[in-house]
Structures are given as structure tokens and as C-alpha cells.
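This is coords_37.txt (compact mmCIF, C-alpha atoms).
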```
# COMPACT_ATOMS: atom_id res chain seq x y z
CA MET A 1 38.55 -51.32 12.51
CA GLU A 2 37.26 -54.48 14.17
CA VAL A 3 33.69 -55.55 13.45
CA GLY A 4 32.62 -55.11 17.08
CA VAL A 5 33.84 -51.52 17.27
CA PHE A 6 32.27 -50.81 13.90
CA ALA A 7 28.95 -52.25 15.09
CA PHE A 8 29.01 -50.10 18.22
CA PHE A 9 29.53 -46.85 16.31
CA ALA A 10 27.16 -47.90 13.52
CA VAL A 11 24.32 -48.57 15.96
CA LEU A 12 25.09 -45.30 17.77
CA ALA A 13 24.97 -43.39 14.46
CA VAL A 14 21.70 -44.95 13.30
CA VAL A 15 19.93 -44.56 16.66
CA SER A 16 20.97 -40.94 17.05
CA ALA A 17 20.07 -40.17 13.41
CA LEU A 18 16.61 -41.53 14.16
CA GLY A 19 16.65 -39.24 17.19
CA VAL A 20 17.32 -36.24 14.94
CA VAL A 21 14.22 -37.05 12.92
CA LEU A 22 11.88 -38.17 15.68
CA GLN A 23 12.55 -35.81 18.62
CA ARG A 24 9.89 -33.19 19.20
CA SER A 25 12.16 -30.52 20.66
CA PRO A 26 14.67 -28.93 18.23
CA VAL A 27 17.35 -28.82 20.94
CA HIS A 28 17.02 -32.56 21.50
CA SER A 29 17.29 -33.08 17.74
CA LEU A 30 20.45 -31.02 17.79
CA LEU A 31 21.96 -33.12 20.60
CA ALA A 32 21.16 -36.26 18.62
CA LEU A 33 22.84 -34.66 15.60
CA VAL A 34 25.98 -34.12 17.70
CA ALA A 35 25.99 -37.81 18.66
CA THR A 36 25.54 -38.83 14.99
CA LEU A 37 28.41 -36.62 13.85
CA LEU A 38 30.76 -37.87 16.57
CA ALA A 39 29.96 -41.49 15.67
CA ILE A 40 30.60 -40.79 11.99
CA SER A 41 33.89 -39.07 12.74
CA ALA A 42 34.96 -42.06 14.85
CA LEU A 43 34.12 -44.33 11.90
CA LEU A 44 36.17 -42.13 9.57
CA ILE A 45 39.14 -42.28 11.94
CA GLY A 46 38.73 -46.07 12.04
CA LEU A 47 38.88 -46.11 8.23
CA GLY A 48 42.29 -44.43 8.36
CA ALA A 49 41.07 -40.93 7.45
CA VAL A 50 42.43 -39.47 10.67
CA ALA A 51 42.78 -35.85 9.58
CA ILE A 52 39.33 -35.71 7.97
CA GLY A 53 37.74 -37.45 10.95
CA PHE A 54 39.05 -34.91 13.43
CA LEU A 55 38.26 -32.07 11.02
CA LEU A 56 34.66 -33.30 10.81
CA ALA A 57 34.31 -33.31 14.58
CA ILE A 58 35.85 -29.85 14.95
CA VAL A 59 34.08 -28.12 12.06
CA TYR A 60 30.65 -29.69 12.45
CA VAL A 61 30.30 -30.15 16.19
CA GLY A 62 32.35 -27.09 17.05
CA ALA A 63 31.03 -24.61 14.51
CA ILE A 64 27.97 -25.61 12.49
CA VAL A 65 26.02 -27.15 15.37
CA VAL A 66 26.70 -24.04 17.46
CA VAL A 67 25.24 -21.91 14.65
CA PHE A 68 22.13 -24.12 14.73
CA LEU A 69 21.96 -23.66 18.49
CA PHE A 70 22.19 -19.87 18.15
CA VAL A 71 19.34 -19.85 15.63
CA ILE A 72 17.13 -22.03 17.85
CA TRP A 73 17.89 -19.65 20.70
CA LEU A 74 17.17 -16.55 18.58
CA LEU A 75 13.85 -17.94 17.38
CA ASN A 76 12.95 -19.05 20.92
CA LEU A 77 11.60 -22.36 19.63
CA GLN A 78 9.54 -24.34 22.06
CA ARG A 79 8.64 -27.98 22.08
CA ASP A 80 6.71 -28.96 19.00
CA PRO A 81 3.08 -29.60 20.03
CA GLY A 82 2.73 -32.44 17.53
CA GLU A 83 2.47 -31.90 13.83
CA PRO A 84 -0.82 -31.77 11.96
CA GLY A 85 -2.17 -34.54 9.76
CA HIS A 86 -1.04 -34.83 6.14
CA LEU A 87 -1.20 -38.58 6.46
CA ALA A 88 -1.03 -39.00 2.70
CA ALA A 89 2.23 -37.03 2.51
CA LYS A 90 3.73 -39.07 5.35
CA PHE A 91 2.61 -42.33 3.75
CA PHE A 92 4.08 -41.52 0.37
CA GLY A 93 7.20 -40.12 2.01
CA ALA A 94 7.72 -43.32 3.99
CA PHE A 95 7.13 -45.39 0.87
CA ALA A 96 9.66 -43.37 -1.13
CA VAL A 97 12.23 -43.66 1.66
CA ALA A 98 11.73 -47.42 1.86
CA ALA A 99 12.18 -47.74 -1.90
CA LEU A 100 15.36 -45.62 -1.80
CA THR A 101 16.74 -47.67 1.07
CA ALA A 102 16.09 -50.97 -0.70
CA GLU A 103 17.73 -49.67 -3.87
CA LEU A 104 20.85 -48.42 -2.08
CA PHE A 105 21.15 -51.66 -0.09
CA ALA A 106 20.88 -53.71 -3.27
CA PHE A 107 23.72 -51.71 -4.79
CA PHE A 108 25.98 -51.59 -1.78
CA VAL A 109 25.90 -55.14 -0.44
CA ARG A 110 27.76 -56.22 -3.58
CA ALA A 111 30.63 -53.82 -2.96
CA PRO A 112 34.26 -55.01 -2.79
CA VAL A 113 34.85 -57.26 0.15
CA GLY A 114 37.56 -55.97 2.47
CA PRO A 115 39.72 -52.86 2.47
CA PRO A 116 43.35 -53.49 1.60
CA PRO A 117 45.85 -52.61 4.33
CA ALA A 118 46.35 -48.86 4.36
CA PRO A 119 49.62 -47.68 2.80
CA ALA A 120 51.98 -45.76 5.06
CA GLY A 121 50.86 -42.19 5.66
CA TYR A 122 47.33 -42.88 4.37
CA GLY A 123 44.93 -40.14 5.47
CA SER A 124 47.65 -38.08 7.12
CA VAL A 125 47.66 -34.30 6.94
CA ASP A 126 50.65 -34.06 4.60
CA ARG A 127 49.18 -36.53 2.09
CA LEU A 128 45.90 -34.57 2.18
CA ALA A 129 47.63 -31.21 1.85
CA ASP A 130 49.65 -32.56 -1.05
CA LEU A 131 46.44 -33.33 -2.93
CA ILE A 132 44.52 -30.19 -1.94
CA PHE A 133 47.29 -27.74 -2.76
CA ARG A 134 48.42 -29.43 -5.97
CA ASP A 135 45.74 -31.46 -7.75
CA TYR A 136 42.72 -29.65 -6.36
CA LEU A 137 44.17 -26.15 -6.06
CA VAL A 138 41.59 -24.45 -8.31
CA ALA A 139 38.70 -26.11 -6.47
CA PHE A 140 40.25 -25.06 -3.15
CA GLU A 141 40.46 -21.42 -4.21
CA ALA A 142 36.89 -21.58 -5.54
CA THR A 143 35.91 -22.86 -2.10
CA SER A 144 37.30 -19.75 -0.44
CA LEU A 145 35.26 -17.62 -2.85
CA LEU A 146 32.18 -19.71 -2.02
CA LEU A 147 32.64 -19.13 1.70
CA LEU A 148 33.10 -15.38 1.18
CA VAL A 149 29.90 -15.17 -0.87
CA ALA A 150 28.05 -17.27 1.70
CA VAL A 151 29.12 -15.02 4.58
CA VAL A 152 28.16 -11.83 2.73
CA GLY A 153 24.87 -13.38 1.62
CA ALA A 154 24.03 -14.62 5.11
CA VAL A 155 24.65 -11.18 6.64
CA ALA A 156 22.65 -9.45 3.89
CA VAL A 157 19.70 -11.82 4.28
CA ALA A 158 19.61 -11.94 8.06
CA ARG A 159 20.15 -8.31 8.96
CA ARG A 160 17.22 -6.09 9.83
CA TRP A 161 16.64 -3.69 6.95
CA PRO A 162 15.20 -0.32 7.95
CA ALA A 163 11.97 -0.77 6.00
CA ASP A 164 10.36 2.48 7.12
CA GLN A 165 12.66 5.06 5.57
CA PRO A 166 13.82 4.62 1.96
CA ARG A 167 17.38 3.38 1.73
CA ARG A 168 19.82 5.73 0.08
CA SER A 169 22.55 3.42 -1.13
CA GLY A 170 22.09 1.84 -4.54
CA ALA A 171 19.20 0.91 -6.78
CA GLY A 172 18.93 -2.70 -5.66
CA ALA A 173 18.62 -1.74 -2.03
CA SER A 174 15.90 0.83 -2.71
CA ALA A 175 14.05 -1.74 -4.80
CA HIS A 176 14.23 -3.99 -1.76
CA GLY A 177 12.71 -1.22 0.35
CA GLU A 178 9.94 -0.72 -2.21
CA LEU A 179 9.16 -4.40 -2.04
CA ARG A 180 8.98 -4.34 1.74
CA ARG A 181 6.66 -1.32 1.73
CA ALA A 182 4.42 -2.90 -0.91
CA GLU A 183 4.30 -6.04 1.17
CA ARG A 184 3.27 -4.15 4.27
CA ALA A 185 0.57 -2.18 2.44
CA MET B 1 38.78 -56.09 9.24
CA THR B 2 35.28 -54.83 8.56
CA PRO B 3 34.19 -55.24 4.92
CA VAL B 4 33.68 -52.04 2.98
CA SER B 5 30.12 -52.99 2.12
CA TYR B 6 29.18 -52.64 5.83
CA TYR B 7 30.25 -48.99 5.71
CA LEU B 8 28.33 -48.47 2.47
CA VAL B 9 25.15 -50.00 3.90
CA LEU B 10 25.49 -47.85 7.01
CA GLY B 11 25.91 -44.78 4.79
CA ALA B 12 22.80 -45.76 2.83
CA ALA B 13 20.80 -46.22 6.03
CA LEU B 14 21.87 -42.81 7.38
CA PHE B 15 21.08 -41.17 4.04
CA ALA B 16 17.62 -42.75 4.03
CA ILE B 17 16.98 -41.53 7.58
CA GLY B 18 17.94 -38.03 6.46
CA VAL B 19 15.57 -38.24 3.48
CA ALA B 20 12.80 -39.40 5.81
CA GLY B 21 13.45 -36.37 8.04
CA VAL B 22 13.22 -33.97 5.12
CA VAL B 23 10.02 -35.58 3.83
CA ILE B 24 8.18 -36.13 7.12
CA ARG B 25 9.11 -33.20 9.38
CA ARG B 26 7.68 -29.73 8.82
CA ASN B 27 10.01 -27.76 11.10
CA LEU B 28 12.56 -25.98 8.88
CA ILE B 29 15.37 -26.30 11.44
CA VAL B 30 14.86 -30.05 11.75
CA ILE B 31 14.78 -30.31 7.94
CA PHE B 32 18.18 -28.62 7.89
CA MET B 33 19.55 -31.03 10.49
CA SER B 34 18.31 -33.91 8.35
CA ILE B 35 20.19 -32.46 5.40
CA GLU B 36 23.35 -32.43 7.53
CA VAL B 37 22.78 -36.12 8.35
CA MET B 38 22.52 -36.84 4.60
CA LEU B 39 25.71 -34.92 3.84
CA ASN B 40 27.63 -36.87 6.45
CA ALA B 41 26.26 -40.20 5.24
CA VAL B 42 27.72 -39.31 1.84
CA ASN B 43 31.00 -38.36 3.55
CA LEU B 44 31.18 -41.81 5.12
CA THR B 45 30.51 -43.45 1.75
CA LEU B 46 33.20 -41.36 0.05
CA VAL B 47 35.86 -42.23 2.62
CA ALA B 48 34.94 -45.93 2.66
CA LEU B 49 35.13 -46.25 -1.12
CA GLY B 50 38.34 -44.24 -1.21
CA ARG B 51 39.83 -46.66 1.29
CA ALA B 52 38.64 -49.62 -0.80
CA LEU B 53 40.33 -48.13 -3.86
CA GLY B 54 43.46 -47.13 -1.91
CA SER B 55 43.06 -43.49 -2.92
CA THR B 56 42.99 -40.29 -0.87
CA ASP B 57 40.83 -38.34 -3.34
CA GLY B 58 37.67 -39.34 -1.50
CA GLN B 59 38.92 -37.52 1.59
CA VAL B 60 39.55 -34.37 -0.45
CA MET B 61 35.94 -34.59 -1.63
CA VAL B 62 34.82 -34.88 2.00
CA PHE B 63 36.75 -31.68 2.67
CA PHE B 64 34.81 -29.90 -0.08
CA VAL B 65 31.50 -31.38 1.07
CA MET B 66 32.15 -29.99 4.56
CA THR B 67 32.85 -26.53 3.10
CA VAL B 68 29.69 -26.55 1.02
CA GLY B 69 27.77 -27.81 4.06
CA ALA B 70 29.06 -24.91 6.15
CA ALA B 71 28.09 -22.38 3.47
CA GLU B 72 24.68 -24.01 3.09
CA ALA B 73 24.06 -23.92 6.84
CA ALA B 74 25.03 -20.24 7.09
CA VAL B 75 22.84 -19.07 4.19
CA GLY B 76 19.97 -21.41 5.06
CA LEU B 77 19.81 -20.39 8.70
CA ALA B 78 19.91 -16.73 7.66
CA LEU B 79 16.97 -17.43 5.36
CA ILE B 80 15.10 -19.13 8.21
CA LEU B 81 15.72 -16.08 10.42
CA ALA B 82 14.44 -13.73 7.70
CA ALA B 83 11.38 -15.90 7.08
CA PHE B 84 10.64 -16.03 10.80
CA ARG B 85 10.86 -12.24 11.05
CA SER B 86 8.37 -11.65 8.26
CA ARG B 87 5.98 -14.59 8.80
CA HIS B 88 6.47 -15.51 12.49
CA THR B 89 6.60 -19.20 11.71
CA ILE B 90 9.15 -21.76 10.54
CA LYS B 91 6.67 -24.45 9.63
CA ALA B 92 7.23 -25.43 6.03
CA ASP B 93 3.46 -25.84 5.53
CA GLU B 94 2.68 -22.28 6.58
CA LEU B 95 5.27 -20.62 4.31
CA ASN B 96 3.07 -21.13 1.27
CA LEU B 97 3.06 -17.69 -0.38
CA MET B 98 4.72 -18.98 -3.56
CA ARG B 99 2.89 -22.29 -3.57
CA TRP B 100 1.04 -23.21 -6.73
```
Would you write out, as C-alpha cells, the structure that this file holds?
Amino acid sequence: MEVGVFAFFAVLAVVSALGVVLQRSPVHSLLALVATLLAISALLIGLGAVAIGFLLAIVYVGAIVVVFLFVIWLLNLQRDPGEPGHLAAKFFGAFAVAALTAELFAFFVRAPVGPPPAPAGYGSVDRLADLIFRDYLVAFEATSLLLLVAVVGAVAVARRWPADQPRRSGAGASAHGELRRAERA
Amino acid sequence: MTPVSYYLVLGAALFAIGVAGVVIRRNLIVIFMSIEVMLNAVNLTLVALGRALGSTDGQVMVFFVMTVGAAEAAVGLALILAAFRSRHTIKADELNLMRW
């Protein structure tokens, strides 16, 4: 990728990442997050990771951001009326972030100079699939288990439990009901 | 060609912005978005270093990072929903029941 194109997407990514942090309205933060992710995926495509770049755009912008949007809509979040003080926390937070940034910069500016020319088929789907389904097969299958557990856990956490009547199925569930009743009392 | 260190510095800057969001903001949803920014900064670093080393393994790691990020977003947003139902707030300062 040429330096000019890189600079364009880099500035876009940094500015929109600052937008994620600094916007008052959660929906505006989410739009800035979309811009950040699209800039990063363009940078990945420029690095030769074409399949991963498009996958990032599709999975993040198409799926995860929409889940965020649904949650903001469900919670009916309004514009943040400004956050209360805690100046000390903000000061120490800013100091820690500055220290982290300086440390990472000091490490990374001494990185290898230029990328070698990409070998043929670098970052293509078949090269990626070759690795995922051969060298990383166990990790890939563990990933599917992780997603299954995450989906079941998300549904179990987010559903509305009938807290008024005791639940009949299983000891854990009735313990949960006990907890809810004790909390309400 | 752009040097690899430019990509690494950009990744460091994005990661630091994400850390700043987690530390400074009190809205749980915005904290989650900042975590996503950090995850993607790491993705950029992985792909850039993989390109510098001429290896595709970095891209496989990005694949796994995206999967873990999706699982994290699903469970985390469900937790935010549950917390909002019982406490009627998503300010991190006001969810202080288990605070020491």
C-alpha cells in the first residue's frame, strides 16, 4: 500500500476511534466505531490479507455492530448529559494511557523496515483454509464450542426469568429464583 | 511501500485510544465499544507483523480474535441487559453492589 493511501486510512481510523471515545450519544459512538472498523479492514486488505479484511468488515460491521445497535435501542439510551466529576480517576487514567502509548511507540518504531513482496496467493482464502483446517483444526473446533456456549449463556442471562413463581426445572434454576426473591425482599 | 513500523505505531495508537475509552468513560456500552477498538488494533498489529515475517499464521489468529470478540460481545451485551433490568442504569459507577 502506498504511503499516501495508508496515511488517509490511518488518519480516518484514529479520528473515528477518538469519536468512539468522545461522543456523548451512544449511537454516534457506534457510527464512529463503524468508520474505525471499515478503515482497519481497508488497511488489512492493503497489507495483502484480503480474505481477513473482508471478513472483518462483514462480521463486525454486519453482525456485531448491529447487536450493539439493538441493545442501545432496547435500553432506549438517550444522550449522555455529561459525566460526573472523578477528576482524579480521569487524570490517572490519562497518565496511564500516555505512559502505555509512549512504551508501545518506543517498541514499535524499531520494527523491521519494509514488508517483503507478498508471495503468490498470500492472504487468499485457500491459503487461510489450508492453515485453519490443518494446523489449527483443534483450535477451530474449540472455537465452535466457544460460540455455542456463548449463545446459550447470552440467552440464559438476558431472558426474563419468572421471578414470582418458583421455577420447577432443576436445582440451579430454583436457587436462582430464591436469590431473586431474597433480593426483592 | 509503507514500512511495517507505521502499521505497528497506528495499532499502538488505536489500542491506547481504546484503553482511554475504558478508563475514562462510565457508560458500559461505550466501554464495550472501546474494547472492540482495542481488539481490532491488535488485529492490525497481528496482520502487519505476519506480513513482515511472510507468514499467514497472524491472519489465522485474527480469525480467532474475531470469534472471541463476537462471543464476548454477545455475553457482555446480555449482561448489560440483565444489569439494566435489575438496576435501571448502565453507568459503571452506579453498579457498585460488589464494590469493596
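Note that the spacing between CA of Leu43 (chain A) and CA of Gly4 (chain A) amounts to 12.1 Å.
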Inset, instruction - For Gly76 (chain B), list every protein, DNA or RNA residue within 9 Å, evaluated using only C-alpha atoms, and leave out those in the same chain fewer than 4 positions away; present the list as a list of chain:residue names. - result: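 Contacts, with the query itself left out: A:Ala154, B:Phe32, B:Ala71, B:Glu72, B:Ile80, B:Leu81.
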Per-residue nearest contacts chain A to chain B, cut-off 7 Å, using all atoms listed in the file, as JSON lines:
```
{"residue": "A:Met1", "atom": "CA", "partner": "B:Met1", "partner_atom": "CA", "distance": 5.8}
{"residue": "A:Glu2", "atom": "CA", "partner": "B:Met1", "partner_atom": "CA", "distance": 5.4}
{"residue": "A:Val3", "atom": "CA", "partner": "B:Thr2", "partner_atom": "CA", "distance": 5.2}
{"residue": "A:Ala10", "atom": "CA", "partner": "B:Leu10", "partner_atom": "CA", "distance": 6.7}
{"residue": "A:Val14", "atom": "CA", "partner": "B:Leu14", "partner_atom": "CA", "distance": 6.3}
{"residue": "A:Ala17", "atom": "CA", "partner": "B:Ile17", "partner_atom": "CA", "distance": 6.7}
{"residue": "A:Leu18", "atom": "CA", "partner": "B:Ile17", "partner_atom": "CA", "distance": 6.6}
{"residue": "A:Val21", "atom": "CA", "partner": "B:Gly21", "partner_atom": "CA", "distance": 5.0}
{"residue": "A:Pro26", "atom": "CA", "partner": "B:Val30", "partner_atom": "CA", "distance": 6.6}
{"residue": "A:Ile40", "atom": "CA", "partner": "B:Leu44", "partner_atom": "CA", "distance": 7.0}
{"residue": "A:Leu44", "atom": "CA", "partner": "B:Leu44", "partner_atom": "CA", "distance": 6.7}
{"residue": "A:Leu47", "atom": "CA", "partner": "B:Ala48", "partner_atom": "CA", "distance": 6.8}
{"residue": "A:Ile52", "atom": "CA", "partner": "B:Gln59", "partner_atom": "CA", "distance": 6.6}
{"residue": "A:Ile64", "atom": "CA", "partner": "B:Ala70", "partner_atom": "CA", "distance": 6.5}
{"residue": "A:Val71", "atom": "CA", "partner": "B:Leu77", "partner_atom": "CA", "distance": 7.0}
{"residue": "A:Lys90", "atom": "CA", "partner": "B:Ile24", "partner_atom": "CA", "distance": 5.6}
{"residue": "A:Gly93", "atom": "CA", "partner": "B:Val23", "partner_atom": "CA", "distance": 5.6}
{"residue": "A:Ala94", "atom": "CA", "partner": "B:Ala20", "partner_atom": "CA", "distance": 6.7}
{"residue": "A:Val97", "atom": "CA", "partner": "B:Ala16", "partner_atom": "CA", "distance": 6.0}
{"residue": "A:Leu100", "atom": "CA", "partner": "B:Ala16", "partner_atom": "CA", "distance": 6.9}
{"residue": "A:Thr101", "atom": "CA", "partner": "B:Ala16", "partner_atom": "CA", "distance": 5.8}
{"residue": "A:Leu104", "atom": "CA", "partner": "B:Ala12", "partner_atom": "CA", "distance": 5.9}
{"residue": "A:Phe105", "atom": "CA", "partner": "B:Val9", "partner_atom": "CA", "distance": 5.9}
{"residue": "A:Phe108", "atom": "CA", "partner": "B:Leu8", "partner_atom": "CA", "distance": 5.8}
{"residue": "A:Val109", "atom": "CA", "partner": "B:Ser5", "partner_atom": "CA", "distance": 5.4}
{"residue": "A:Arg110", "atom": "CA", "partner": "B:Ser5", "partner_atom": "CA", "distance": 7.0}
{"residue": "A:Ala111", "atom": "CA", "partner": "B:Ser5", "partner_atom": "CA", "distance": 5.2}
{"residue": "A:Pro112", "atom": "CA", "partner": "B:Val4", "partner_atom": "CA", "distance": 6.5}
{"residue": "A:Val113", "atom": "CA", "partner": "B:Pro3", "partner_atom": "CA", "distance": 5.2}
{"residue": "A:Gly114", "atom": "CA", "partner": "B:Pro3", "partner_atom": "CA", "distance": 4.2}
{"residue": "A:Pro115", "atom": "CA", "partner": "B:Ala52", "partner_atom": "CA", "distance": 4.7}
{"residue": "A:Pro116", "atom": "CA", "partner": "B:Ala52", "partner_atom": "CA", "distance": 6.6}
{"residue": "A:Gly123", "atom": "CA", "partner": "B:Thr56", "partner_atom": "CA", "distance": 6.6}
{"residue": "A:Leu128", "atom": "CA", "partner": "B:Val60", "partner_atom": "CA", "distance": 6.9}
{"residue": "A:Ile132", "atom": "CA", "partner": "B:Val60", "partner_atom": "CA", "distance": 6.7}
{"residue": "A:Leu147", "atom": "CA", "partner": "B:Ala71", "partner_atom": "CA", "distance": 5.9}
{"residue": "A:Ala150", "atom": "CA", "partner": "B:Ala71", "partner_atom": "CA", "distance": 5.4}
{"residue": "A:Gly153", "atom": "CA", "partner": "B:Val75", "partner_atom": "CA", "distance": 6.6}
{"residue": "A:Ala154", "atom": "CA", "partner": "B:Val75", "partner_atom": "CA", "distance": 4.7}
{"residue": "A:Val157", "atom": "CA", "partner": "B:Ala78", "partner_atom": "CA", "distance": 6.0}
{"residue": "A:Ala158", "atom": "CA", "partner": "B:Ala78", "partner_atom": "CA", "distance": 4.8}
```
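Of the residues under consideration (A:Ala139, A:Val27, A:Val5, A:Val20), A:Val27 shows the shortest atom-to-atom contact distance to Phe70 (chain A) when counting all atoms listed in the file.
You will find CA of Ala13 (chain A) at 5.5 Å from CA of Ala39 (chain A).
Rounded to one decimal, CA of Phe95 (chain A) and CA of Glu94 (chain B) lie 24.2 Å from each other.
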